[in-house]
$ cat protein.cif   # mmCIF, C-alpha atoms and all ligand atoms
data_work
#
loop_
_atom_site.label_atom_id
_atom_site.label_comp_id
_atom_site.auth_asym_id
_atom_site.auth_seq_id
_atom_site.Cartn_x
_atom_site.Cartn_y
_atom_site.Cartn_z
CA MET D 62 41.21 70.76 119.79
CA LYS D 63 39.80 74.30 119.76
CA CYS D 64 41.28 76.74 122.31
CA PHE D 65 39.64 80.05 123.23
CA HIS D 66 41.78 82.80 124.78
CA ILE D 67 39.93 84.48 127.62
CA VAL D 68 41.17 87.63 129.35
CA VAL D 69 40.17 87.73 133.03
CA LEU D 70 39.86 91.11 134.77
CA PRO D 71 38.91 90.58 138.45
CA GLY D 72 39.06 94.33 139.25
CA ASP D 73 37.98 95.83 142.58
CA GLY D 74 35.96 94.97 145.69
CA ILE D 75 34.05 91.69 145.34
CA GLY D 76 35.28 91.35 141.73
CA ALA D 77 38.08 88.92 142.60
CA ASP D 78 35.81 86.75 144.80
CA VAL D 79 33.07 86.29 142.22
CA VAL D 80 35.44 85.88 139.28
CA ALA D 81 37.26 83.07 141.12
CA GLU D 82 33.96 81.16 141.21
CA GLY D 83 33.21 81.98 137.57
CA VAL D 84 36.60 80.53 136.64
CA ARG D 85 35.99 77.47 138.84
CA VAL D 86 32.77 76.78 136.93
CA LEU D 87 34.43 77.42 133.57
CA ARG D 88 37.13 74.88 134.41
CA ALA D 89 34.44 72.37 135.45
CA VAL D 90 32.70 72.87 132.09
CA GLU D 91 36.01 72.45 130.27
CA SER D 92 36.59 69.10 131.97
CA LYS D 93 33.22 67.88 130.62
CA LEU D 94 33.83 68.97 127.02
CA THR D 95 35.90 66.88 124.67
CA ASN D 96 37.06 69.29 121.99
CA LEU D 97 37.44 72.60 123.72
CA THR D 98 39.92 74.25 126.08
CA PHE D 99 40.26 77.73 127.52
CA GLN D 100 43.49 79.62 128.01
CA LEU D 101 42.92 82.20 130.74
CA ALA D 102 45.14 85.25 131.22
CA GLU D 103 44.55 87.57 134.17
CA HIS D 104 45.30 91.28 133.69
CA PRO D 105 45.28 94.28 136.04
CA CYS D 106 42.46 96.81 135.77
CA GLY D 107 40.38 98.99 138.10
CA ALA D 108 40.62 101.61 140.82
CA GLY D 109 43.10 99.47 142.78
CA GLU D 110 45.36 99.34 139.73
CA TYR D 111 45.11 103.16 139.46
CA LEU D 112 46.28 103.49 143.07
CA LYS D 113 49.25 101.20 142.33
CA ASN D 114 50.37 102.38 138.90
CA GLY D 115 48.38 105.52 138.03
CA ASP D 116 46.20 104.03 135.25
CA PRO D 117 42.93 102.09 135.83
CA LEU D 118 43.15 100.55 132.34
CA PRO D 119 46.81 99.94 131.38
CA ALA D 120 47.64 99.81 127.64
CA SER D 121 48.86 96.19 128.03
CA THR D 122 45.45 95.18 129.44
CA MET D 123 43.65 96.98 126.62
CA GLN D 124 45.80 95.24 124.03
CA ALA D 125 45.21 91.81 125.60
CA CYS D 126 41.45 92.50 125.57
CA ARG D 127 41.50 93.40 121.88
CA GLN D 128 43.36 90.20 121.02
CA SER D 129 41.22 87.89 123.17
CA ASP D 130 38.28 85.74 122.13
CA ALA D 131 36.28 87.04 125.11
CA ILE D 132 36.73 88.92 128.38
CA LEU D 133 35.47 87.92 131.81
CA LEU D 134 35.27 90.87 134.19
CA GLY D 135 34.47 91.09 137.91
CA ALA D 136 33.72 94.62 139.07
CA MET D 137 35.45 98.00 138.76
CA GLY D 138 35.56 101.14 140.87
CA LEU D 139 35.93 102.13 144.50
CA PRO D 140 33.88 104.97 146.02
CA ASN D 141 36.86 106.81 147.51
CA VAL D 142 39.05 106.62 144.38
CA ARG D 143 37.93 109.41 142.08
CA TRP D 144 39.09 111.58 139.19
CA PRO D 145 39.66 115.26 140.03
CA GLY D 146 36.16 116.11 138.62
CA GLY D 147 34.58 113.90 141.29
CA THR D 148 33.55 110.87 139.21
CA GLU D 149 34.61 107.27 139.94
CA MET D 150 37.11 105.28 137.88
CA ALA D 151 35.10 103.20 135.41
CA PRO D 152 37.47 101.29 133.10
CA GLN D 153 34.60 98.94 132.20
CA LEU D 154 32.93 101.93 130.50
CA ASP D 155 36.18 102.73 128.67
CA LEU D 156 36.31 99.12 127.43
CA ARG D 157 32.75 99.38 126.13
CA GLU D 158 33.45 102.61 124.30
CA GLU D 159 36.92 101.75 122.94
CA MET D 160 35.93 98.30 121.65
CA GLU D 161 32.48 99.49 120.53
CA LEU D 162 30.63 96.96 122.70
CA TYR D 163 27.40 98.68 121.81
CA ALA D 164 24.87 96.21 123.19
CA GLY D 165 24.60 95.85 126.97
CA VAL D 166 22.66 92.59 127.21
CA ARG D 167 21.10 91.95 130.62
CA PRO D 168 18.99 88.82 131.00
CA ILE D 169 16.58 88.97 133.93
CA ARG D 170 15.31 85.56 134.94
CA LEU D 171 13.70 84.38 138.16
CA TYR D 172 15.22 81.07 139.27
CA HIS D 173 13.00 80.61 142.34
CA PRO D 174 9.83 82.53 143.38
CA ALA D 175 11.30 82.96 146.89
CA HIS D 176 14.03 85.20 145.40
CA SER D 177 11.53 87.84 144.30
CA PRO D 178 10.01 90.54 146.52
CA LEU D 179 6.97 90.37 144.18
CA LYS D 180 4.08 87.95 144.52
CA VAL D 181 4.78 85.93 141.38
CA SER D 182 2.62 83.16 140.04
CA GLU D 183 4.23 83.15 136.59
CA GLY D 184 7.96 83.19 135.95
CA ILE D 185 10.00 86.26 135.05
CA ASP D 186 12.11 85.99 131.92
CA LEU D 187 13.08 89.11 129.99
CA VAL D 188 16.18 90.64 128.44
CA LEU D 189 17.16 94.27 128.66
CA TYR D 190 19.27 95.77 125.86
CA ARG D 191 21.10 98.86 127.04
CA GLU D 192 22.83 101.18 124.55
CA ASN D 193 26.41 101.15 125.79
CA THR D 194 28.41 103.76 123.91
CA GLU D 195 26.55 107.10 124.04
CA GLY D 196 23.22 108.39 125.49
CA LEU D 197 23.57 110.46 128.65
CA PHE D 198 26.88 108.73 129.39
CA ALA D 199 28.36 110.58 126.37
CA SER D 200 28.98 113.51 128.72
CA ARG D 201 30.82 111.50 131.32
CA LYS D 202 34.30 112.73 130.32
CA ASN D 203 33.37 116.42 130.21
CA THR D 204 35.44 118.49 132.60
CA ARG D 205 33.57 120.42 135.28
CA PRO D 206 34.73 124.07 135.22
CA THR D 207 35.94 125.13 138.65
CA GLY D 208 33.44 127.35 140.42
CA ALA D 209 30.70 126.72 137.82
CA THR D 210 27.19 127.64 138.94
CA GLU D 211 25.61 125.46 136.27
CA VAL D 212 26.73 122.17 134.71
CA ILE D 213 25.04 120.66 131.66
CA ASP D 214 25.30 117.05 130.45
CA SER D 215 23.91 116.19 127.06
CA LEU D 216 22.27 113.01 125.77
CA ARG D 217 23.72 111.83 122.46
CA VAL D 218 21.72 109.65 120.09
CA SER D 219 23.33 108.76 116.77
CA ARG D 220 21.71 106.87 113.92
CA ARG D 221 24.68 104.46 113.67
CA ALA D 222 24.66 103.44 117.35
CA SER D 223 20.87 103.17 117.46
CA GLU D 224 20.48 101.08 114.31
CA ARG D 225 23.03 98.47 115.37
CA LEU D 226 21.56 98.26 118.87
CA PHE D 227 17.99 97.84 117.61
CA ARG D 228 19.00 95.18 115.06
CA ALA D 229 20.76 93.20 117.82
CA ALA D 230 17.66 93.43 120.04
CA PHE D 231 15.32 92.30 117.23
CA ARG D 232 17.62 89.39 116.31
CA HIS D 233 17.60 88.30 119.95
CA ALA D 234 13.80 88.53 120.09
CA GLN D 235 13.57 86.28 117.03
CA ARG D 236 15.12 83.52 119.19
CA ARG D 237 12.69 84.25 122.07
CA ARG D 238 9.04 85.31 122.29
CA LYS D 239 9.33 87.70 119.31
CA HIS D 240 8.48 90.95 121.05
CA VAL D 241 10.67 94.07 121.41
CA THR D 242 9.67 97.07 123.52
CA LEU D 243 11.46 100.39 123.12
CA VAL D 244 11.80 102.29 126.39
CA ASP D 245 12.20 106.02 125.77
CA LYS D 246 11.08 109.51 126.71
CA ALA D 247 9.97 110.52 123.21
CA ASN D 248 7.19 112.71 124.61
CA VAL D 249 9.72 115.10 126.17
CA LEU D 250 13.19 114.91 124.62
CA PRO D 251 13.93 115.48 120.91
CA SER D 252 16.84 113.00 121.08
CA MET D 253 14.37 110.36 122.26
CA ALA D 254 11.88 111.20 119.48
CA PHE D 255 14.76 110.58 117.05
CA PHE D 256 15.59 107.32 118.87
CA ARG D 257 11.97 106.18 118.41
CA GLU D 258 11.93 107.14 114.72
CA ILE D 259 14.99 104.93 114.10
CA PHE D 260 13.47 102.12 116.18
CA ASN D 261 10.35 102.16 113.99
CA GLU D 262 12.47 101.98 110.83
CA ILE D 263 14.42 98.97 112.12
CA ALA D 264 11.22 97.30 113.37
CA ALA D 265 10.00 97.30 109.76
CA GLU D 266 12.97 95.05 108.86
CA PHE D 267 11.63 92.41 111.28
CA PRO D 268 7.96 91.86 110.35
CA GLY D 269 7.81 88.63 112.37
CA VAL D 270 8.63 90.45 115.62
CA CYS D 271 6.06 92.54 117.46
CA ALA D 272 7.36 96.04 118.34
CA ASP D 273 5.93 98.57 120.78
CA HIS D 274 7.01 101.55 122.91
CA VAL D 275 6.76 102.41 126.59
CA TYR D 276 7.90 105.63 128.29
CA VAL D 277 10.66 105.02 130.79
CA ASP D 278 8.58 106.04 133.82
CA ALA D 279 5.82 103.61 132.82
CA ALA D 280 8.43 100.89 132.15
CA ALA D 281 9.56 101.18 135.79
CA LEU D 282 5.94 100.75 136.90
CA TYR D 283 5.20 97.77 134.63
CA LEU D 284 8.44 96.01 135.59
CA VAL D 285 7.17 95.91 139.16
CA GLN D 286 3.48 95.31 138.40
CA HIS D 287 3.63 92.88 135.52
CA PRO D 288 7.14 92.04 134.29
CA GLN D 289 5.72 89.13 132.26
CA ARG D 290 4.45 91.62 129.66
CA PHE D 291 8.05 92.13 128.50
CA ASP D 292 10.24 89.94 126.32
CA VAL D 293 13.13 92.09 125.01
CA LEU D 294 13.41 95.71 126.19
CA VAL D 295 15.75 98.12 124.44
CA THR D 296 16.76 101.51 125.75
CA GLU D 297 19.22 104.39 126.13
CA ASN D 298 22.38 104.03 128.23
CA MET D 299 21.30 105.81 131.46
CA PHE D 300 17.73 104.48 131.36
CA GLY D 301 19.22 100.99 130.91
CA ASP D 302 21.59 101.53 133.81
CA ILE D 303 18.71 102.38 136.14
CA LEU D 304 16.16 99.88 134.86
CA SER D 305 18.60 96.99 134.92
CA ASP D 306 19.09 97.43 138.67
CA LEU D 307 15.32 97.65 139.15
CA ALA D 308 14.86 94.53 137.03
CA ALA D 309 17.60 92.72 138.97
CA GLY D 310 15.69 93.63 142.15
CA ILE D 311 12.62 91.64 141.08
CA VAL D 312 14.62 88.42 140.57
CA GLY D 313 16.75 88.50 143.73
CA GLY D 314 19.08 91.45 143.39
CA MET D 315 22.41 92.22 141.79
CA GLY D 316 23.88 88.84 142.66
CA MET D 317 21.43 87.21 140.21
CA ALA D 318 21.94 89.58 137.26
CA PRO D 319 24.50 88.62 134.59
CA SER D 320 25.46 90.72 131.59
CA GLY D 321 27.29 90.78 128.31
CA ASP D 322 28.67 93.91 126.64
CA ILE D 323 28.71 92.81 123.06
CA GLY D 324 30.12 94.34 119.89
CA ASP D 325 30.70 92.99 116.40
CA HIS D 326 34.16 91.59 117.23
CA ASN D 327 34.67 91.60 121.02
CA ALA D 328 32.62 91.05 124.13
CA VAL D 329 32.95 91.50 127.88
CA PHE D 330 30.93 89.30 130.24
CA GLN D 331 30.40 90.47 133.79
CA PRO D 332 27.88 90.52 136.61
CA SER D 333 25.65 93.61 136.36
CA HIS D 334 26.69 94.68 139.84
CA GLY D 335 29.50 96.95 140.93
CA SER D 336 32.33 96.31 143.38
CA ALA D 337 29.89 96.29 146.37
CA PRO D 338 32.30 97.86 148.91
CA ASP D 339 29.81 97.18 151.73
CA ILE D 340 30.38 93.41 151.47
CA ALA D 341 33.89 93.31 149.95
CA GLY D 342 36.36 91.07 151.77
CA LYS D 343 33.63 89.16 153.64
CA GLY D 344 33.40 86.18 151.28
CA ILE D 345 29.61 86.43 151.09
CA ALA D 346 29.03 87.97 147.64
CA ASN D 347 26.65 85.96 145.49
CA PRO D 348 28.69 84.60 142.55
CA ILE D 349 25.68 83.43 140.51
CA ALA D 350 25.56 86.60 138.38
CA THR D 351 29.18 85.94 137.39
CA ILE D 352 28.58 82.22 136.81
CA LEU D 353 25.61 83.09 134.56
CA SER D 354 27.86 85.61 132.77
CA VAL D 355 30.26 82.73 132.08
CA ALA D 356 27.29 80.87 130.57
CA MET D 357 26.52 83.91 128.38
CA MET D 358 30.15 83.94 127.26
CA LEU D 359 29.96 80.26 126.32
CA GLU D 360 26.76 80.93 124.37
CA TRP D 361 28.40 83.79 122.48
CA LEU D 362 31.64 82.01 121.52
CA PRO D 363 31.50 80.60 117.98
CA SER D 364 31.40 76.90 118.90
CA GLU D 365 28.66 74.32 119.25
CA GLU D 366 30.69 72.68 122.00
CA ALA D 367 30.82 75.96 123.96
CA ARG D 368 27.05 76.33 123.60
CA ARG D 369 26.68 72.84 125.02
CA GLY D 370 28.79 74.03 127.97
CA ALA D 371 26.49 77.04 128.42
CA ALA D 372 23.46 74.76 128.69
CA MET D 373 25.29 72.72 131.34
CA VAL D 374 25.93 75.86 133.43
CA TYR D 375 22.31 77.03 133.20
CA SER D 376 21.08 73.60 134.30
CA ALA D 377 23.49 73.50 137.25
CA VAL D 378 22.35 76.97 138.40
CA GLU D 379 18.71 75.87 138.08
CA ARG D 380 19.43 72.84 140.28
CA PHE D 381 21.26 75.00 142.82
CA CYS D 382 18.27 77.35 143.04
CA GLU D 383 15.70 74.58 143.43
CA ASP D 384 16.22 74.83 147.21
CA PRO D 385 15.90 78.51 148.25
CA ASP D 386 17.73 77.78 151.53
CA ARG D 387 20.78 77.01 149.44
CA ALA D 388 21.84 80.64 149.04
CA THR D 389 24.24 83.44 149.99
CA PRO D 390 23.05 86.03 152.58
CA ASP D 391 21.64 88.45 149.94
CA LEU D 392 19.01 85.75 149.25
CA GLY D 393 18.50 84.89 152.90
CA GLY D 394 20.91 81.96 153.10
CA SER D 395 24.21 81.44 154.85
CA MET D 396 26.45 80.02 152.14
CA THR D 397 29.71 81.69 151.24
CA THR D 398 30.78 82.80 147.77
CA GLN D 399 33.16 79.87 147.53
CA GLN D 400 30.68 77.25 148.76
CA THR D 401 28.21 78.43 146.11
CA GLY D 402 30.78 78.15 143.31
CA GLU D 403 31.93 74.75 144.58
CA TRP D 404 28.36 73.40 144.72
CA ILE D 405 27.60 74.48 141.15
CA ALA D 406 30.95 73.20 139.81
CA ALA D 407 30.52 69.84 141.59
CA ASP D 408 26.95 69.47 140.31
CA LEU D 409 28.11 70.16 136.79
CA MET D 410 30.84 67.51 137.01
CA ARG D 411 28.40 64.78 138.03
P1 LIG D 501 27.94 100.44 140.25
O1 LIG D 501 27.48 101.85 140.22
O2 LIG D 501 29.39 100.25 139.98
O3 LIG D 501 27.05 99.52 139.49
P2 LIG D 501 26.79 100.39 142.86
O4 LIG D 501 27.55 101.19 143.85
O5 LIG D 501 25.56 100.97 142.25
O6 LIG D 501 27.80 99.93 141.74
P3 LIG D 501 26.74 97.65 143.59
O7 LIG D 501 28.18 97.52 143.86
O8 LIG D 501 26.22 96.95 142.41
O9 LIG D 501 26.31 99.14 143.54
O10 LIG D 501 25.92 97.22 144.88
C1 LIG D 501 24.55 97.58 145.10
C2 LIG D 501 24.01 96.75 146.25
O11 LIG D 501 23.90 95.41 145.85
C3 LIG D 501 24.94 96.75 147.47
O12 LIG D 501 24.17 96.75 148.64
C4 LIG D 501 25.69 95.46 147.35
O13 LIG D 501 26.14 94.92 148.54
C5 LIG D 501 24.68 94.56 146.67
N1 LIG D 501 25.38 93.58 145.81
C6 LIG D 501 25.98 93.86 144.66
N2 LIG D 501 26.52 92.75 144.16
C7 LIG D 501 26.23 91.75 145.00
C8 LIG D 501 26.52 90.35 145.03
N3 LIG D 501 27.21 89.75 144.05
N4 LIG D 501 26.10 89.63 146.06
C9 LIG D 501 25.38 90.20 147.06
N5 LIG D 501 25.07 91.49 147.09
C10 LIG D 501 25.50 92.27 146.07
#
$ encode --input "protein.cif" --output "C-alpha cells"
Amino acid sequence: MKCFHIVVLPGDGIGADVVAEGVRVLRAVESKLTNLTFQLAEHPCGAGEYLKNGDPLPASTMQACRQSDAILLGAMGLPNVRWPGGTEMAPQLDLREEMELYAGVRPIRLYHPAHSPLKVSEGIDLVLYRENTEGLFASRKNTRPTGATEVIDSLRVSRRASERLFRAAFRHAQRRRKHVTLVDKANVLPSMAFFREIFNEIAAEFPGVCADHVYVDAAALYLVQHPQRFDVLVTENMFGDILSDLAAGIVGGMGMAPSGDIGDHNAVFQPSHGSAPDIAGKGIANPIATILSVAMMLEWLPSEEARRGAAMVYSAVERFCEDPDRATPDLGGSMTTQQTGEWIAADLMR
C-alpha cells in the first residue's frame, strides 16, 4: 500500500474553511482507491501564526514541507498584519522561493457558461504559467529607507529561472493543444527582451509545439475578447499575478481558480485566491478552487492510482457545476462552503 505524506497549511481568513473541504474530498477519493493512502499533517503558518508566535513561517513548518510528498495550502495574509515596511506577510511566497517552486501553474477552465460574465459560445480552457521566484517580486524584501522621496523596485530575469519555466510550459502544452504564448513587454523593458530571447531558444527545442508572443496589455484584452485563442500562456511573476486574477474572473472568479506551485522536487497546491477577509468567518467561501487544487495535487503525485483519483475529482466537480443554481453566493447561489464540499464528496463516493 503506497502512502503519500501531505502537509496541510490552512493559514488565514477563509483558508481553514476551504482546506477543510479539500481534505473532505481527498478522504472521499482515498476511500475509493485500493492501493493508496494519505497521511495528513497540519502545520501552523500565516499572519495569524505571526501574531501568536512572531514568525509567519516557523522553521518546523518549513522542515515538514521539505520532507513532504506534497503541500496543500489554504490562504495566507491579513490586511492589517504587516511588516514594518508596510507589506503583508506572505509565507506562501517564501515557500515558493525557498523550495524553488518556479512554475506557478494556474488552469483556467469554465465549468458552466452561467459562471462567466462573458457571452461564451465555446468553452474556456487555458493554463497560465507564472514565473514564481523572481521578476518584479524579486524586490519584495528590499527595505524602504525612512523618509525616501523615491523608491525603486527592479525586475529580475535570469536565464536559469526562465529556461526551466519555459521548458515546463512547453512540456505541458505537449499534453494539450500544443500552443504556448509568451506574455511579455519586450517592446519596452530590456529584461523582457531578454526573457523573449530565451523563450525563442527553448521554443526551438519543441518543434511540435506552436510558439508565439503577445504583449501583456494585449493579453489582457484578448483574454476578455477571445480567451479561446490561448492554450498555455507563460509570463513573468507580476504579470502572472495580475493576469491570473483577470483569467479567474472570466470563469467565475477566484473561487473557481486552482493552482500548483511546482518545482523539481516539491509542490504546493492552493486556490489562487487570498484570505478574502471580506467573507472570512461567514462559511460562504467557494471551496471549488481548493478542491480542484487537490485534483492537481493528485495528478502531480507519482502514482497511476493518484491520477485515477484526480480524474474522479474533476468528474465530480463537473457534475456539481451542471446545475448553475447549485453554487455558493459568489456564483449566485446560496450553498455554504461545507454543503459544497459535502455534495462533491458524496457524489464521488457513489
Ligand atoms: P491576495 O493578494 O492574497 O491574492 P486579494 O486581497 O487580492 O488576495 P482575495 O483574497 O483573493 O484578494 O479576494 C479577492 C476577491 O475575491 C474578494 O472579494 C473575495 O471575497 C473574493 N474571493 C476570493 N476567494 C473567494 C472564494 N473562495 N469564494 C468566494 N469569493 C472569493
$ residues_around --input "protein.cif" --residues "Pro140 of chain D" --least-positions-apart "4" --cutoff "10 Å" --atoms "all atoms listed in the file" --output "ChimeraX atom specification"
/D:108,148-150,336-338
$ closest_residue --input "protein.cif" --among "D:Arg191, D:Arg380, D:Arg237, D:Arg228" --to "Leu409 of chain D" --atoms "all atoms listed in the file"
D:Arg380
$ closest_residue --input "protein.cif" --among "D:Glu262, D:Ala125, D:Gly109, D:Cys64" --to "Gly138 of chain D" --atoms "all atoms listed in the file"
D:Gly109
$ residues_around --input "protein.cif" --residues "Thr296 of chain D" --least-positions-apart "4" --cutoff "8 Å" --atoms "only C-alpha atoms" --output "MDAnalysis selection string"
chainID D and resid 189:192 243:245 300:301
$ atom_distance --input "protein.cif" --atom1 "atom CA of Leu171 of chain D" --atom2 "atom CA of Ile185 of chain D"
5.2 Å
$ residues_around --input "protein.cif" --residues "Pro332 of chain D" --least-positions-apart "5" --cutoff "9 Å" --atoms "all atoms listed in the file" --output "short mmCIF file (atom, residue, chain, number, x, y, z; two decimals) with C-alpha atoms, keeping the file's coordinate frame"
data_model
loop_
_atom_site.label_atom_id
_atom_site.label_comp_id
_atom_site.auth_asym_id
_atom_site.auth_seq_id
_atom_site.Cartn_x
_atom_site.Cartn_y
_atom_site.Cartn_z
CA VAL D 79 33.07 86.29 142.22
CA LEU D 134 35.27 90.87 134.19
CA GLY D 135 34.47 91.09 137.91
CA ALA D 136 33.72 94.62 139.07
CA MET D 315 22.41 92.22 141.79
CA GLY D 316 23.88 88.84 142.66
CA MET D 317 21.43 87.21 140.21
CA ALA D 318 21.94 89.58 137.26
CA PRO D 319 24.50 88.62 134.59
CA SER D 320 25.46 90.72 131.59
CA GLY D 321 27.29 90.78 128.31
CA PRO D 348 28.69 84.60 142.55
CA ILE D 349 25.68 83.43 140.51
CA ALA D 350 25.56 86.60 138.38
CA THR D 351 29.18 85.94 137.39
CA ILE D 352 28.58 82.22 136.81
CA LEU D 353 25.61 83.09 134.56
CA SER D 354 27.86 85.61 132.77
#
$ atom_distance --input "protein.cif" --atom1 "atom CA of Val241 of chain D" --atom2 "atom CA of Gly314 of chain D"
23.7 Å
$ closest_residue --input "protein.cif" --among "D:Asp386, D:Glu159, D:Asp391, D:Glu211" --to "ligand LIG 501 (chain D)" --atoms "only C-alpha atoms and all ligand atoms"
D:Asp391
$ residues_around --input "protein.cif" --residues "segment 224-226 of chain D" --least-positions-apart "2" --cutoff "12 Å" --atoms "all atoms listed in the file" --output "PDB file with C-alpha atoms, in the frame of the given file"
ATOM      1  CA  GLU D 161      32.480  99.490 120.530  1.00  0.00           C
ATOM      2  CA  LEU D 162      30.630  96.960 122.700  1.00  0.00           C
ATOM      3  CA  TYR D 163      27.400  98.680 121.810  1.00  0.00           C
ATOM      4  CA  ALA D 164      24.870  96.210 123.190  1.00  0.00           C
ATOM      5  CA  GLY D 165      24.600  95.850 126.970  1.00  0.00           C
ATOM      6  CA  VAL D 166      22.660  92.590 127.210  1.00  0.00           C
ATOM      7  CA  LEU D 189      17.160  94.270 128.660  1.00  0.00           C
ATOM      8  CA  TYR D 190      19.270  95.770 125.860  1.00  0.00           C
ATOM      9  CA  ARG D 191      21.100  98.860 127.040  1.00  0.00           C
ATOM     10  CA  GLU D 192      22.830 101.180 124.550  1.00  0.00           C
ATOM     11  CA  ASN D 193      26.410 101.150 125.790  1.00  0.00           C
ATOM     12  CA  THR D 194      28.410 103.760 123.910  1.00  0.00           C
ATOM     13  CA  GLU D 195      26.550 107.100 124.040  1.00  0.00           C
ATOM     14  CA  VAL D 218      21.720 109.650 120.090  1.00  0.00           C
ATOM     15  CA  SER D 219      23.330 108.760 116.770  1.00  0.00           C
ATOM     16  CA  ARG D 220      21.710 106.870 113.920  1.00  0.00           C
ATOM     17  CA  ARG D 221      24.680 104.460 113.670  1.00  0.00           C
ATOM     18  CA  ALA D 222      24.660 103.440 117.350  1.00  0.00           C
ATOM     19  CA  ARG D 228      19.000  95.180 115.060  1.00  0.00           C
ATOM     20  CA  ALA D 229      20.760  93.200 117.820  1.00  0.00           C
ATOM     21  CA  ALA D 230      17.660  93.430 120.040  1.00  0.00           C
ATOM     22  CA  PHE D 231      15.320  92.300 117.230  1.00  0.00           C
ATOM     23  CA  ARG D 232      17.620  89.390 116.310  1.00  0.00           C
ATOM     24  CA  HIS D 233      17.600  88.300 119.950  1.00  0.00           C
ATOM     25  CA  VAL D 241      10.670  94.070 121.410  1.00  0.00           C
ATOM     26  CA  LEU D 243      11.460 100.390 123.120  1.00  0.00           C
ATOM     27  CA  PHE D 255      14.760 110.580 117.050  1.00  0.00           C
ATOM     28  CA  PHE D 256      15.590 107.320 118.870  1.00  0.00           C
ATOM     29  CA  ARG D 257      11.970 106.180 118.410  1.00  0.00           C
ATOM     30  CA  GLU D 258      11.930 107.140 114.720  1.00  0.00           C
ATOM     31  CA  ILE D 259      14.990 104.930 114.100  1.00  0.00           C
ATOM     32  CA  PHE D 260      13.470 102.120 116.180  1.00  0.00           C
ATOM     33  CA  ASN D 261      10.350 102.160 113.990  1.00  0.00           C
ATOM     34  CA  GLU D 262      12.470 101.980 110.830  1.00  0.00           C
ATOM     35  CA  ILE D 263      14.420  98.970 112.120  1.00  0.00           C
ATOM     36  CA  ALA D 264      11.220  97.300 113.370  1.00  0.00           C
ATOM     37  CA  GLU D 266      12.970  95.050 108.860  1.00  0.00           C
ATOM     38  CA  LEU D 294      13.410  95.710 126.190  1.00  0.00           C
ATOM     39  CA  VAL D 295      15.750  98.120 124.440  1.00  0.00           C
ATOM     40  CA  THR D 296      16.760 101.510 125.750  1.00  0.00           C
ATOM     41  CA  GLU D 297      19.220 104.390 126.130  1.00  0.00           C
ATOM     42  CA  ASN D 298      22.380 104.030 128.230  1.00  0.00           C
ATOM     43  CA  ASP D 322      28.670  93.910 126.640  1.00  0.00           C
ATOM     44  CA  ILE D 323      28.710  92.810 123.060  1.00  0.00           C
ATOM     45  CA  GLY D 324      30.120  94.340 119.890  1.00  0.00           C
ATOM     46  CA  ASP D 325      30.700  92.990 116.400  1.00  0.00           C
TER      47      ASP D 325
END
$ atom_distance --input "protein.cif" --atom1 "atom CA of Ala377 of chain D" --atom2 "atom CA of Gln400 of chain D"
14.1 Å
$ closest_residue --input "protein.cif" --among "D:Lys180, D:Arg88, D:Lys343, D:Arg411" --to "ligand LIG 501 (chain D)" --atoms "only C-alpha atoms and all ligand atoms"
D:Lys343
$ closest_residue --input "protein.cif" --among "D:Ala209, D:Ala272, D:Val249, D:Ile75" --to "ligand LIG 501 (chain D)" --atoms "only C-alpha atoms and all ligand atoms"
D:Ile75
$ closest_residue --input "protein.cif" --among "D:Arg127, D:Lys113, D:His334, D:Arg143" --to "Met160 of chain D" --atoms "all atoms listed in the file"
D:Arg127
$ residues_around --input "protein.cif" --residues "His287 of chain D" --least-positions-apart "5" --cutoff "12 Å" --atoms "only C-alpha atoms" --output "PyMOL selection string"
chain D and resi 179-187+279-282+292+308+311
$ axis_aligned_box --input "protein.cif" --around "segment 261-265 of chain D" --padding-each-side "5 Å" --output "lines of an AutoDock Vina configuration file"
center_x = 12.2
center_y = 99.7
center_z = 111.9
size_x = 14.4
size_y = 14.9
size_z = 14.2
$ build_atoms --input "protein.cif" --residues "segment 86-93 of chain D" --atoms "N, CA, C and O atoms" --output "PDB file, keeping the file's coordinate frame"
ATOM      1  N   VAL D  86      33.833  77.414 137.710  1.00  0.00           N
ATOM      2  CA  VAL D  86      32.770  76.780 136.930  1.00  0.00           C
ATOM      3  C   VAL D  86      33.211  76.582 135.475  1.00  0.00           C
ATOM      4  O   VAL D  86      32.942  75.545 134.860  1.00  0.00           O
ATOM      5  N   LEU D  87      33.927  77.555 134.940  1.00  0.00           N
ATOM      6  CA  LEU D  87      34.430  77.420 133.570  1.00  0.00           C
ATOM      7  C   LEU D  87      35.355  76.215 133.445  1.00  0.00           C
ATOM      8  O   LEU D  87      35.290  75.457 132.481  1.00  0.00           O
ATOM      9  N   ARG D  88      36.211  76.042 134.435  1.00  0.00           N
ATOM     10  CA  ARG D  88      37.130  74.880 134.410  1.00  0.00           C
ATOM     11  C   ARG D  88      36.351  73.563 134.538  1.00  0.00           C
ATOM     12  O   ARG D  88      36.722  72.559 133.929  1.00  0.00           O
ATOM     13  N   ALA D  89      35.262  73.580 135.316  1.00  0.00           N
ATOM     14  CA  ALA D  89      34.440  72.370 135.450  1.00  0.00           C
ATOM     15  C   ALA D  89      33.793  72.039 134.104  1.00  0.00           C
ATOM     16  O   ALA D  89      33.769  70.877 133.672  1.00  0.00           O
ATOM     17  N   VAL D  90      33.306  73.073 133.417  1.00  0.00           N
ATOM     18  CA  VAL D  90      32.700  72.870 132.090  1.00  0.00           C
ATOM     19  C   VAL D  90      33.749  72.285 131.143  1.00  0.00           C
ATOM     20  O   VAL D  90      33.498  71.310 130.418  1.00  0.00           O
ATOM     21  N   GLU D  91      34.928  72.883 131.172  1.00  0.00           N
ATOM     22  CA  GLU D  91      36.010  72.450 130.270  1.00  0.00           C
ATOM     23  C   GLU D  91      36.292  70.949 130.454  1.00  0.00           C
ATOM     24  O   GLU D  91      36.491  70.226 129.477  1.00  0.00           O
ATOM     25  N   SER D  92      36.268  70.502 131.715  1.00  0.00           N
ATOM     26  CA  SER D  92      36.590  69.100 131.970  1.00  0.00           C
ATOM     27  C   SER D  92      35.508  68.160 131.420  1.00  0.00           C
ATOM     28  O   SER D  92      35.738  66.972 131.259  1.00  0.00           O
ATOM     29  N   LYS D  93      34.310  68.706 131.141  1.00  0.00           N
ATOM     30  CA  LYS D  93      33.220  67.880 130.620  1.00  0.00           C
ATOM     31  C   LYS D  93      33.166  67.907 129.082  1.00  0.00           C
ATOM     32  O   LYS D  93      32.433  67.142 128.473  1.00  0.00           O
TER      33      LYS D  93
END
